[in-house]
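Structure file input_0.pdb; described as PDB, C-alpha atoms.
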```pdb
ATOM      1  CA  MET A   1     139.218 190.164 173.634
ATOM      2  CA  ASN A   2     137.045 188.072 171.341
ATOM      3  CA  ASP A   3     133.288 188.579 171.344
ATOM      4  CA  PRO A   4     131.660 185.450 172.873
ATOM      5  CA  LYS A   5     128.456 186.029 170.896
ATOM      6  CA  PRO A   6     127.897 183.111 168.470
ATOM      7  CA  VAL A   7     128.975 183.768 164.891
ATOM      8  CA  PHE A   8     126.557 181.238 163.377
ATOM      9  CA  THR A   9     123.046 179.911 164.035
ATOM     10  CA  ALA A  10     121.132 176.766 163.094
ATOM     11  CA  GLU A  11     120.467 178.445 159.742
ATOM     12  CA  ASP A  12     124.140 177.913 158.936
ATOM     13  CA  VAL A  13     123.766 174.110 158.967
ATOM     14  CA  GLU A  14     122.281 172.144 156.084
ATOM     15  CA  ILE A  15     121.133 168.554 156.727
ATOM     16  CA  LEU A  16     121.522 166.613 153.503
ATOM     17  CA  GLU A  17     120.388 163.202 154.746
ATOM     18  CA  ARG A  18     119.008 161.696 157.974
ATOM     19  CA  GLU A  19     119.052 157.952 158.663
ATOM     20  CA  THR A  20     118.025 155.874 161.715
ATOM     21  CA  PRO A  21     120.342 152.845 161.928
ATOM     22  CA  PHE A  22     119.100 151.937 165.419
ATOM     23  CA  GLN A  23     115.807 152.370 167.269
ATOM     24  CA  GLY A  24     115.394 150.866 170.734
ATOM     25  CA  PHE A  25     114.823 152.418 174.145
ATOM     26  CA  PHE A  26     116.957 155.223 172.714
ATOM     27  CA  ARG A  27     117.598 156.118 169.084
ATOM     28  CA  VAL A  28     120.708 156.639 167.001
ATOM     29  CA  GLU A  29     120.543 158.870 163.930
ATOM     30  CA  ARG A  30     123.180 159.240 161.228
ATOM     31  CA  LEU A  31     123.229 162.719 159.707
ATOM     32  CA  THR A  32     124.974 163.812 156.560
ATOM     33  CA  LEU A  33     125.379 167.567 156.827
ATOM     34  CA  ARG A  34     127.495 170.558 156.012
ATOM     35  CA  HIS A  35     127.974 173.830 157.833
ATOM     36  CA  ARG A  36     129.549 177.220 157.286
ATOM     37  CA  HIS A  37     133.198 177.792 158.196
ATOM     38  CA  TYR A  38     134.713 180.703 160.095
ATOM     39  CA  GLN A  39     136.948 181.597 157.180
ATOM     40  CA  GLY A  40     133.982 181.769 154.814
ATOM     41  CA  GLY A  41     131.935 179.460 152.623
ATOM     42  CA  TRP A  42     130.527 176.016 153.281
ATOM     43  CA  GLY A  43     132.513 172.990 154.430
ATOM     44  CA  ALA A  44     132.385 169.641 152.682
ATOM     45  CA  PRO A  45     129.612 167.208 153.719
ATOM     46  CA  VAL A  46     130.395 165.186 156.849
ATOM     47  CA  LYS A  47     128.640 162.296 158.598
ATOM     48  CA  ARG A  48     127.805 162.505 162.289
ATOM     49  CA  GLU A  49     126.109 159.900 164.504
ATOM     50  CA  LEU A  50     123.689 161.387 167.028
ATOM     51  CA  PHE A  51     122.480 159.646 170.191
ATOM     52  CA  VAL A  52     118.888 160.859 170.571
ATOM     53  CA  ARG A  53     117.450 161.115 174.089
ATOM     54  CA  PRO A  54     114.438 162.950 175.530
ATOM     55  CA  PRO A  55     115.193 165.892 177.826
ATOM     56  CA  ALA A  56     115.875 164.869 181.425
ATOM     57  CA  ALA A  57     115.791 166.417 184.884
ATOM     58  CA  ALA A  58     117.444 165.619 188.213
ATOM     59  CA  VAL A  59     117.065 166.780 191.795
ATOM     60  CA  LEU A  60     119.159 166.684 194.959
ATOM     61  CA  PRO A  61     116.773 166.356 197.934
ATOM     62  CA  TYR A  62     118.065 168.580 200.729
ATOM     63  CA  ASP A  63     116.800 168.839 204.286
ATOM     64  CA  PRO A  64     117.835 172.273 205.637
ATOM     65  CA  VAL A  65     116.619 171.413 209.132
ATOM     66  CA  ARG A  66     118.658 168.229 209.505
ATOM     67  CA  GLY A  67     121.507 169.401 207.266
ATOM     68  CA  GLU A  68     121.272 166.266 205.132
ATOM     69  CA  ILE A  69     121.231 165.372 201.450
ATOM     70  CA  LEU A  70     119.883 162.323 199.673
ATOM     71  CA  LEU A  71     121.628 160.460 196.877
ATOM     72  CA  VAL A  72     120.580 157.255 195.173
ATOM     73  CA  GLU A  73     122.760 154.311 194.212
ATOM     74  CA  GLN A  74     121.973 152.034 191.281
ATOM     75  CA  PHE A  75     123.606 149.922 188.583
ATOM     76  CA  ARG A  76     124.706 151.887 185.490
ATOM     77  CA  VAL A  77     125.850 149.968 182.439
ATOM     78  CA  GLY A  78     127.976 152.879 181.210
ATOM     79  CA  ALA A  79     130.219 152.515 184.270
ATOM     80  CA  LEU A  80     130.691 148.753 183.845
ATOM     81  CA  GLU A  81     134.134 148.645 182.254
ATOM     82  CA  TRP A  82     136.115 151.493 183.796
ATOM     83  CA  ARG A  83     135.150 151.819 187.476
ATOM     84  CA  ASP A  84     135.743 149.391 190.333
ATOM     85  CA  THR A  85     131.961 149.284 190.715
ATOM     86  CA  PRO A  86     129.200 150.063 188.188
ATOM     87  CA  TRP A  87     126.849 151.008 191.035
ATOM     88  CA  CYS A  88     126.845 154.794 190.963
ATOM     89  CA  LEU A  89     125.924 157.432 193.524
ATOM     90  CA  GLU A  90     123.875 160.127 191.846
ATOM     91  CA  LEU A  91     120.909 162.470 191.961
ATOM     92  CA  VAL A  92     117.322 161.369 191.627
ATOM     93  CA  ALA A  93     116.644 161.725 187.894
ATOM     94  CA  GLY A  94     114.277 160.848 185.082
ATOM     95  CA  LEU A  95     113.450 161.382 181.434
ATOM     96  CA  ALA A  96     110.760 163.783 180.252
ATOM     97  CA  ASP A  97     108.837 161.005 178.526
ATOM     98  CA  LYS A  98     105.294 162.098 179.454
ATOM     99  CA  ASP A  99     103.863 164.655 177.029
ATOM    100  CA  GLY A 100     103.166 168.000 178.640
ATOM    101  CA  GLU A 101     104.497 167.086 182.099
ATOM    102  CA  PRO A 102     106.086 170.161 183.741
ATOM    103  CA  VAL A 103     109.692 169.593 184.778
ATOM    104  CA  ALA A 104     108.829 170.296 188.426
ATOM    105  CA  ASP A 105     106.249 167.500 188.359
ATOM    106  CA  LEU A 106     108.794 165.201 186.722
ATOM    107  CA  VAL A 107     111.405 165.573 189.470
ATOM    108  CA  ARG A 108     108.788 165.286 192.214
ATOM    109  CA  ARG A 109     107.422 162.086 190.647
ATOM    110  CA  GLU A 110     110.898 160.624 190.305
ATOM    111  CA  ALA A 111     111.744 161.481 193.925
ATOM    112  CA  LEU A 112     108.746 159.469 195.105
ATOM    113  CA  GLU A 113     109.537 156.540 192.787
ATOM    114  CA  GLU A 114     113.295 156.376 193.368
ATOM    115  CA  ALA A 115     113.601 157.511 196.982
ATOM    116  CA  GLY A 116     110.159 157.599 198.603
ATOM    117  CA  VAL A 117     110.455 161.281 199.522
ATOM    118  CA  GLU A 118     108.324 164.298 198.739
ATOM    119  CA  ILE A 119     109.955 167.402 197.285
ATOM    120  CA  GLY A 120     108.769 170.863 198.245
ATOM    121  CA  GLU A 121     110.346 174.048 196.947
ATOM    122  CA  LEU A 122     112.773 173.732 194.064
ATOM    123  CA  ARG A 123     115.826 175.821 193.322
ATOM    124  CA  PRO A 124     117.205 175.561 189.746
ATOM    125  CA  VAL A 125     120.939 174.886 189.551
ATOM    126  CA  ALA A 126     121.793 174.470 185.863
ATOM    127  CA  HIS A 127     120.419 173.610 182.431
ATOM    128  CA  TYR A 128     123.032 172.089 180.155
ATOM    129  CA  MET A 129     123.987 169.550 177.485
ATOM    130  CA  PRO A 130     126.172 166.752 178.937
ATOM    131  CA  SER A 131     127.794 165.742 175.632
ATOM    132  CA  PRO A 132     126.746 167.829 172.602
ATOM    133  CA  GLY A 133     129.474 166.299 170.440
ATOM    134  CA  GLY A 134     127.382 163.165 170.014
ATOM    135  CA  SER A 135     124.063 163.494 171.865
ATOM    136  CA  ASN A 136     121.134 165.916 171.881
ATOM    137  CA  GLU A 137     120.396 165.264 175.567
ATOM    138  CA  ARG A 138     119.482 168.303 177.677
ATOM    139  CA  LEU A 139     119.422 168.125 181.458
ATOM    140  CA  GLN A 140     117.944 170.432 184.082
ATOM    141  CA  VAL A 141     119.152 170.003 187.658
ATOM    142  CA  PHE A 142     117.637 171.274 190.907
ATOM    143  CA  VAL A 143     118.025 171.253 194.661
ATOM    144  CA  GLY A 144     114.704 170.365 196.269
ATOM    145  CA  ARG A 145     113.567 170.940 199.844
ATOM    146  CA  ALA A 146     112.687 167.669 201.585
ATOM    147  CA  ASP A 147     112.117 166.127 205.002
ATOM    148  CA  LEU A 148     114.688 163.326 205.195
ATOM    149  CA  SER A 149     113.910 162.220 208.750
ATOM    150  CA  GLY A 150     112.503 158.891 207.563
ATOM    151  CA  ALA A 151     114.386 158.486 204.294
ATOM    152  CA  GLY A 152     116.102 155.236 203.405
ATOM    153  CA  GLY A 153     115.508 151.780 202.000
ATOM    154  CA  ILE A 154     115.292 150.277 198.524
ATOM    155  CA  HIS A 155     113.008 151.825 195.906
ATOM    156  CA  GLY A 156     112.250 151.943 192.183
ATOM    157  CA  VAL A 157     109.626 150.856 189.678
ATOM    158  CA  ALA A 158     109.800 147.056 189.446
ATOM    159  CA  GLU A 159     108.475 146.827 185.882
ATOM    160  CA  GLU A 160     111.295 149.144 184.781
ATOM    161  CA  GLY A 161     113.904 146.891 186.400
ATOM    162  CA  GLU A 162     114.837 149.548 188.964
ATOM    163  CA  ASP A 163     116.669 148.501 192.134
ATOM    164  CA  ILE A 164     117.664 151.729 193.876
ATOM    165  CA  ARG A 165     119.287 152.216 197.283
ATOM    166  CA  VAL A 166     118.802 155.487 199.146
ATOM    167  CA  VAL A 167     121.935 157.007 200.702
ATOM    168  CA  VAL A 168     121.436 159.887 203.156
ATOM    169  CA  GLN A 169     124.518 161.887 204.145
ATOM    170  CA  PRO A 170     125.200 165.062 206.148
ATOM    171  CA  VAL A 171     126.140 168.100 204.115
ATOM    172  CA  SER A 172     129.479 168.010 205.926
ATOM    173  CA  ALA A 173     130.278 164.782 204.026
ATOM    174  CA  ILE A 174     129.956 166.336 200.552
ATOM    175  CA  GLU A 175     133.602 167.338 200.190
ATOM    176  CA  ALA A 176     134.772 163.856 201.189
ATOM    177  CA  LEU A 177     132.342 162.284 198.712
ATOM    178  CA  LEU A 178     133.658 164.483 195.930
ATOM    179  CA  GLN A 179     137.268 163.698 196.786
ATOM    180  CA  SER A 180     136.598 159.958 197.031
ATOM    181  CA  GLY A 181     135.567 159.655 193.379
ATOM    182  CA  ARG A 182     132.354 157.843 194.309
ATOM    183  CA  VAL A 183     130.371 160.727 192.841
ATOM    184  CA  ASP A 184     131.647 161.235 189.308
ATOM    185  CA  ASN A 185     128.751 162.120 187.021
ATOM    186  CA  ALA A 186     128.271 165.675 185.823
ATOM    187  CA  ALA A 187     124.823 166.412 187.249
ATOM    188  CA  SER A 188     125.793 165.296 190.754
ATOM    189  CA  LEU A 189     129.147 167.090 190.707
ATOM    190  CA  ILE A 190     127.569 170.353 189.571
ATOM    191  CA  THR A 191     124.725 170.208 192.085
ATOM    192  CA  LEU A 192     126.736 169.165 195.137
ATOM    193  CA  GLN A 193     129.263 171.914 194.509
ATOM    194  CA  TRP A 194     126.434 174.399 193.979
ATOM    195  CA  LEU A 195     124.944 173.471 197.350
ATOM    196  CA  LEU A 196     128.278 173.972 199.091
ATOM    197  CA  LEU A 197     128.484 177.479 197.617
ATOM    198  CA  HIS A 198     124.873 178.503 198.222
ATOM    199  CA  ARG A 199     123.874 176.578 201.335
ATOM    200  CA  GLU A 200     123.883 179.521 203.741
ATOM    201  CA  ALA A 201     121.628 181.646 201.544
ATOM    202  CA  LEU A 202     119.346 178.693 200.838
ATOM    203  CA  ASP A 203     119.079 177.884 204.534
ATOM    204  CA  ARG A 204     118.088 181.457 205.368
ATOM    205  CA  GLU A 205     115.362 181.302 202.728
ATOM    206  CA  TRP A 206     114.010 177.830 203.471
ATOM    207  CA  ARG A 207     114.150 178.101 207.252
ATOM    208  CA  SER A 208     112.329 181.442 207.375
TER
END
```

What does the file become when written as structure tokens?
Amino acid sequence: MNDPKPVFTAEDVEILERETPFQGFFRVERLTLRHRHYQGGWGAPVKRELFVRPPAAAVLPYDPVRGEILLVEQFRVGALEWRDTPWCLELVAGLADKDGEPVADLVRREALEEAGVEIGELRPVAHYMPSPGGSNERLQVFVGRADLSGAGGIHGVAEEGEDIRVVVQPVSAIEALLQSGRVDNAASLITLQWLLLHREALDREWRS
């Protein structure tokens, strides 16, 4: 069996040129670089465009007493041309765009802004890169304990153009949601499946 330990590190990449052809809400960089090859030596210079985003975090509010989860639905431009609806069901999420803000504070702030709920204990689910072939985005996802007895309505920060609908569902509906295709972004898929696998243990901990 092959050793999964990485053969190379960042020291085996040489950035020859860095350009910024676009700077808006996000940034696009064009890198000219070369890197070492498995068979030895350095490869020829190549150009790669990089979509630059701040780190992000997302949370699935979960009420272990009521057996309910909370998702949010909002318009997503990336889903405009290939789904029957560009309004997506997903986790509460936000960008780490405030210097020094702990990730736990970020997801709790976003839960209040996007869903009007307070998050208690947090359980980390995953920390991953959604698309490292063209973006440097890193995402941390959590399940957060919440009281969903009064959850619902329309939320969001008006000056940011947010128009977000809260959708509360029983945990028993997760499998049907996954099969329906209405939940089709990576963070939500990972976290909902994680909750199905770990719900019993989480309930014992959070109900004690």

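Nearest residue to A:Arg36 among A:Val7, A:Gln74, A:His198, A:Lys98 is A:Val7, counting all atoms listed in the file.
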
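Under the PyMOL selection byres ((chain A and resi 106-116) around 7), the matching residues in the shown file are A:Ala57, A:Ala58, A:Val59, A:Val92, A:Ala93, A:Gly94, A:Ala96, A:Glu101, A:Pro102, A:Val103, A:Ala104, A:Asp105, A:Val117, A:Glu118, A:Ile119, A:His155, A:Gly156, A:Val157, A:Ile164, A:Val166.
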
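Nearest residue to A:Phe26, choosing from A:Arg53, A:Arg204, A:Arg182, A:Arg76 and counting all atoms listed in the file: A:Arg53.
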
Residue nearest A:Ser131 among A:Leu202, A:Val52, A:Val168, A:Ile154 (counting all atoms listed in the file): A:Val52

Among listed residues A:His37, A:Arg165, A:Arg138, A:His127, nearest A:Leu71 (using only C-alpha atoms): A:Arg165

Chain and number of each residue from the PyMOL selection byres ((chain A and resi 62) around 6), as an NGL selection string: :A and (61 or 63 or 68-69 or 144-146)

Those selected residues, please, written with C-alpha atoms and delivered as an mmCIF file, in the coordinates of the input.
```
data_model
loop_
_atom_site.group_PDB
_atom_site.id
_atom_site.type_symbol
_atom_site.label_atom_id
_atom_site.label_comp_id
_atom_site.auth_asym_id
_atom_site.auth_seq_id
_atom_site.Cartn_x
_atom_site.Cartn_y
_atom_site.Cartn_z
ATOM 1 C CA PRO A 61 116.773 166.356 197.934
ATOM 2 C CA ASP A 63 116.800 168.839 204.286
ATOM 3 C CA GLU A 68 121.272 166.266 205.132
ATOM 4 C CA ILE A 69 121.231 165.372 201.450
ATOM 5 C CA GLY A 144 114.704 170.365 196.269
ATOM 6 C CA ARG A 145 113.567 170.940 199.844
ATOM 7 C CA ALA A 146 112.687 167.669 201.585
#
```

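Considering the residues A:Ser135, A:Ser149, A:Gln193, A:Thr9 and counting all atoms listed in the file, A:Leu177 has its shortest atom-to-atom contact with A:Gln193.
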
Could you give me the axis-aligned bounding box of stretch 106-119 of chain A, with 4 Å of padding per side, as centre plus edge lengths in Å to one decimal, as lines of an AutoDock Vina configuration file?
```
center_x = 110.5
center_y = 161.9
center_z = 193.1
size_x = 14.2
size_y = 19.0
size_z = 20.8
```

For stretch 62-97 of chain A, supply N, CA and C atoms and format the output as a PDB file, in the frame of the given file.
```
ATOM      1  N   TYR A  62     117.275 167.956 199.662  1.00  0.00           N
ATOM      2  CA  TYR A  62     118.065 168.580 200.729  1.00  0.00           C
ATOM      3  C   TYR A  62     117.150 168.942 201.883  1.00  0.00           C
ATOM      4  N   ASP A  63     117.551 168.536 203.071  1.00  0.00           N
ATOM      5  CA  ASP A  63     116.800 168.839 204.286  1.00  0.00           C
ATOM      6  C   ASP A  63     117.567 169.924 205.042  1.00  0.00           C
ATOM      7  N   PRO A  64     117.101 171.181 204.983  1.00  0.00           N
ATOM      8  CA  PRO A  64     117.835 172.273 205.637  1.00  0.00           C
ATOM      9  C   PRO A  64     117.746 172.222 207.154  1.00  0.00           C
ATOM     10  N   VAL A  65     116.767 171.522 207.680  1.00  0.00           N
ATOM     11  CA  VAL A  65     116.619 171.413 209.132  1.00  0.00           C
ATOM     12  C   VAL A  65     117.629 170.420 209.690  1.00  0.00           C
ATOM     13  N   ARG A  66     117.742 169.277 209.044  1.00  0.00           N
ATOM     14  CA  ARG A  66     118.658 168.229 209.505  1.00  0.00           C
ATOM     15  C   ARG A  66     120.073 168.388 208.928  1.00  0.00           C
ATOM     16  N   GLY A  67     120.213 169.236 207.899  1.00  0.00           N
ATOM     17  CA  GLY A  67     121.507 169.401 207.266  1.00  0.00           C
ATOM     18  C   GLY A  67     121.945 168.157 206.525  1.00  0.00           C
ATOM     19  N   GLU A  68     120.996 167.514 205.822  1.00  0.00           N
ATOM     20  CA  GLU A  68     121.272 166.266 205.132  1.00  0.00           C
ATOM     21  C   GLU A  68     120.886 166.348 203.659  1.00  0.00           C
ATOM     22  N   ILE A  69     121.563 165.534 202.862  1.00  0.00           N
ATOM     23  CA  ILE A  69     121.231 165.372 201.450  1.00  0.00           C
ATOM     24  C   ILE A  69     120.900 163.915 201.185  1.00  0.00           C
ATOM     25  N   LEU A  70     120.228 163.677 200.070  1.00  0.00           N
ATOM     26  CA  LEU A  70     119.883 162.323 199.673  1.00  0.00           C
ATOM     27  C   LEU A  70     120.419 162.044 198.282  1.00  0.00           C
ATOM     28  N   LEU A  71     121.180 160.972 198.160  1.00  0.00           N
ATOM     29  CA  LEU A  71     121.628 160.460 196.877  1.00  0.00           C
ATOM     30  C   LEU A  71     121.053 159.070 196.685  1.00  0.00           C
ATOM     31  N   VAL A  72     121.028 158.614 195.445  1.00  0.00           N
ATOM     32  CA  VAL A  72     120.580 157.255 195.173  1.00  0.00           C
ATOM     33  C   VAL A  72     121.721 156.483 194.524  1.00  0.00           C
ATOM     34  N   GLU A  73     121.739 155.185 194.778  1.00  0.00           N
ATOM     35  CA  GLU A  73     122.760 154.311 194.212  1.00  0.00           C
ATOM     36  C   GLU A  73     122.076 153.229 193.387  1.00  0.00           C
ATOM     37  N   GLN A  74     122.537 153.070 192.133  1.00  0.00           N
ATOM     38  CA  GLN A  74     121.973 152.034 191.281  1.00  0.00           C
ATOM     39  C   GLN A  74     122.980 151.615 190.220  1.00  0.00           C
ATOM     40  N   PHE A  75     122.734 150.447 189.626  1.00  0.00           N
ATOM     41  CA  PHE A  75     123.606 149.922 188.583  1.00  0.00           C
ATOM     42  C   PHE A  75     123.494 150.777 187.325  1.00  0.00           C
ATOM     43  N   ARG A  76     124.655 151.118 186.731  1.00  0.00           N
ATOM     44  CA  ARG A  76     124.706 151.887 185.490  1.00  0.00           C
ATOM     45  C   ARG A  76     125.630 151.183 184.507  1.00  0.00           C
ATOM     46  N   VAL A  77     125.071 150.757 183.389  1.00  0.00           N
ATOM     47  CA  VAL A  77     125.850 149.968 182.439  1.00  0.00           C
ATOM     48  C   VAL A  77     127.027 150.757 181.865  1.00  0.00           C
ATOM     49  N   GLY A  78     126.894 152.070 181.755  1.00  0.00           N
ATOM     50  CA  GLY A  78     127.976 152.879 181.210  1.00  0.00           C
ATOM     51  C   GLY A  78     129.217 152.899 182.080  1.00  0.00           C
ATOM     52  N   ALA A  79     129.080 152.523 183.354  1.00  0.00           N
ATOM     53  CA  ALA A  79     130.219 152.515 184.270  1.00  0.00           C
ATOM     54  C   ALA A  79     130.811 151.111 184.429  1.00  0.00           C
ATOM     55  N   LEU A  80     130.349 150.159 183.636  1.00  0.00           N
ATOM     56  CA  LEU A  80     130.691 148.753 183.845  1.00  0.00           C
ATOM     57  C   LEU A  80     132.164 148.446 183.635  1.00  0.00           C
ATOM     58  N   GLU A  81     132.807 149.087 182.657  1.00  0.00           N
ATOM     59  CA  GLU A  81     134.134 148.645 182.254  1.00  0.00           C
ATOM     60  C   GLU A  81     135.279 149.558 182.675  1.00  0.00           C
ATOM     61  N   TRP A  82     134.995 150.612 183.436  1.00  0.00           N
ATOM     62  CA  TRP A  82     136.115 151.493 183.796  1.00  0.00           C
ATOM     63  C   TRP A  82     136.152 151.889 185.265  1.00  0.00           C
ATOM     64  N   ARG A  83     135.132 151.534 186.041  1.00  0.00           N
ATOM     65  CA  ARG A  83     135.150 151.819 187.476  1.00  0.00           C
ATOM     66  C   ARG A  83     135.276 150.511 188.247  1.00  0.00           C
ATOM     67  N   ASP A  84     135.680 150.608 189.526  1.00  0.00           N
ATOM     68  CA  ASP A  84     135.743 149.391 190.333  1.00  0.00           C
ATOM     69  C   ASP A  84     134.354 148.862 190.651  1.00  0.00           C
ATOM     70  N   THR A  85     133.340 149.727 190.542  1.00  0.00           N
ATOM     71  CA  THR A  85     131.961 149.284 190.715  1.00  0.00           C
ATOM     72  C   THR A  85     131.070 150.050 189.746  1.00  0.00           C
ATOM     73  N   PRO A  86     130.149 149.362 189.057  1.00  0.00           N
ATOM     74  CA  PRO A  86     129.200 150.063 188.188  1.00  0.00           C
ATOM     75  C   PRO A  86     127.954 150.535 188.931  1.00  0.00           C
ATOM     76  N   TRP A  87     127.933 150.426 190.253  1.00  0.00           N
ATOM     77  CA  TRP A  87     126.849 151.008 191.035  1.00  0.00           C
ATOM     78  C   TRP A  87     127.245 152.436 191.381  1.00  0.00           C
ATOM     79  N   CYS A  88     126.468 153.380 190.898  1.00  0.00           N
ATOM     80  CA  CYS A  88     126.845 154.794 190.963  1.00  0.00           C
ATOM     81  C   CYS A  88     125.993 155.567 191.965  1.00  0.00           C
ATOM     82  N   LEU A  89     126.633 156.474 192.679  1.00  0.00           N
ATOM     83  CA  LEU A  89     125.924 157.432 193.524  1.00  0.00           C
ATOM     84  C   LEU A  89     125.570 158.643 192.686  1.00  0.00           C
ATOM     85  N   GLU A  90     124.305 159.050 192.729  1.00  0.00           N
ATOM     86  CA  GLU A  90     123.875 160.127 191.846  1.00  0.00           C
ATOM     87  C   GLU A  90     122.604 160.794 192.368  1.00  0.00           C
ATOM     88  N   LEU A  91     122.154 161.796 191.636  1.00  0.00           N
ATOM     89  CA  LEU A  91     120.909 162.470 191.961  1.00  0.00           C
ATOM     90  C   LEU A  91     119.715 161.611 191.554  1.00  0.00           C
ATOM     91  N   VAL A  92     118.587 161.889 192.146  1.00  0.00           N
ATOM     92  CA  VAL A  92     117.322 161.369 191.627  1.00  0.00           C
ATOM     93  C   VAL A  92     117.104 161.986 190.252  1.00  0.00           C
ATOM     94  N   ALA A  93     116.752 161.176 189.259  1.00  0.00           N
ATOM     95  CA  ALA A  93     116.644 161.725 187.894  1.00  0.00           C
ATOM     96  C   ALA A  93     115.661 160.913 187.066  1.00  0.00           C
ATOM     97  N   GLY A  94     115.182 161.537 185.993  1.00  0.00           N
ATOM     98  CA  GLY A  94     114.277 160.848 185.082  1.00  0.00           C
ATOM     99  C   GLY A  94     114.166 161.561 183.755  1.00  0.00           C
ATOM    100  N   LEU A  95     113.649 160.838 182.767  1.00  0.00           N
ATOM    101  CA  LEU A  95     113.450 161.382 181.434  1.00  0.00           C
ATOM    102  C   LEU A  95     112.090 162.048 181.313  1.00  0.00           C
ATOM    103  N   ALA A  96     112.032 163.095 180.525  1.00  0.00           N
ATOM    104  CA  ALA A  96     110.760 163.783 180.252  1.00  0.00           C
ATOM    105  C   ALA A  96     110.045 163.015 179.145  1.00  0.00           C
ATOM    106  N   ASP A  97     109.467 161.872 179.520  1.00  0.00           N
ATOM    107  CA  ASP A  97     108.837 161.005 178.526  1.00  0.00           C
ATOM    108  C   ASP A  97     107.316 161.013 178.604  1.00  0.00           C
TER     109      ASP A  97
END
```
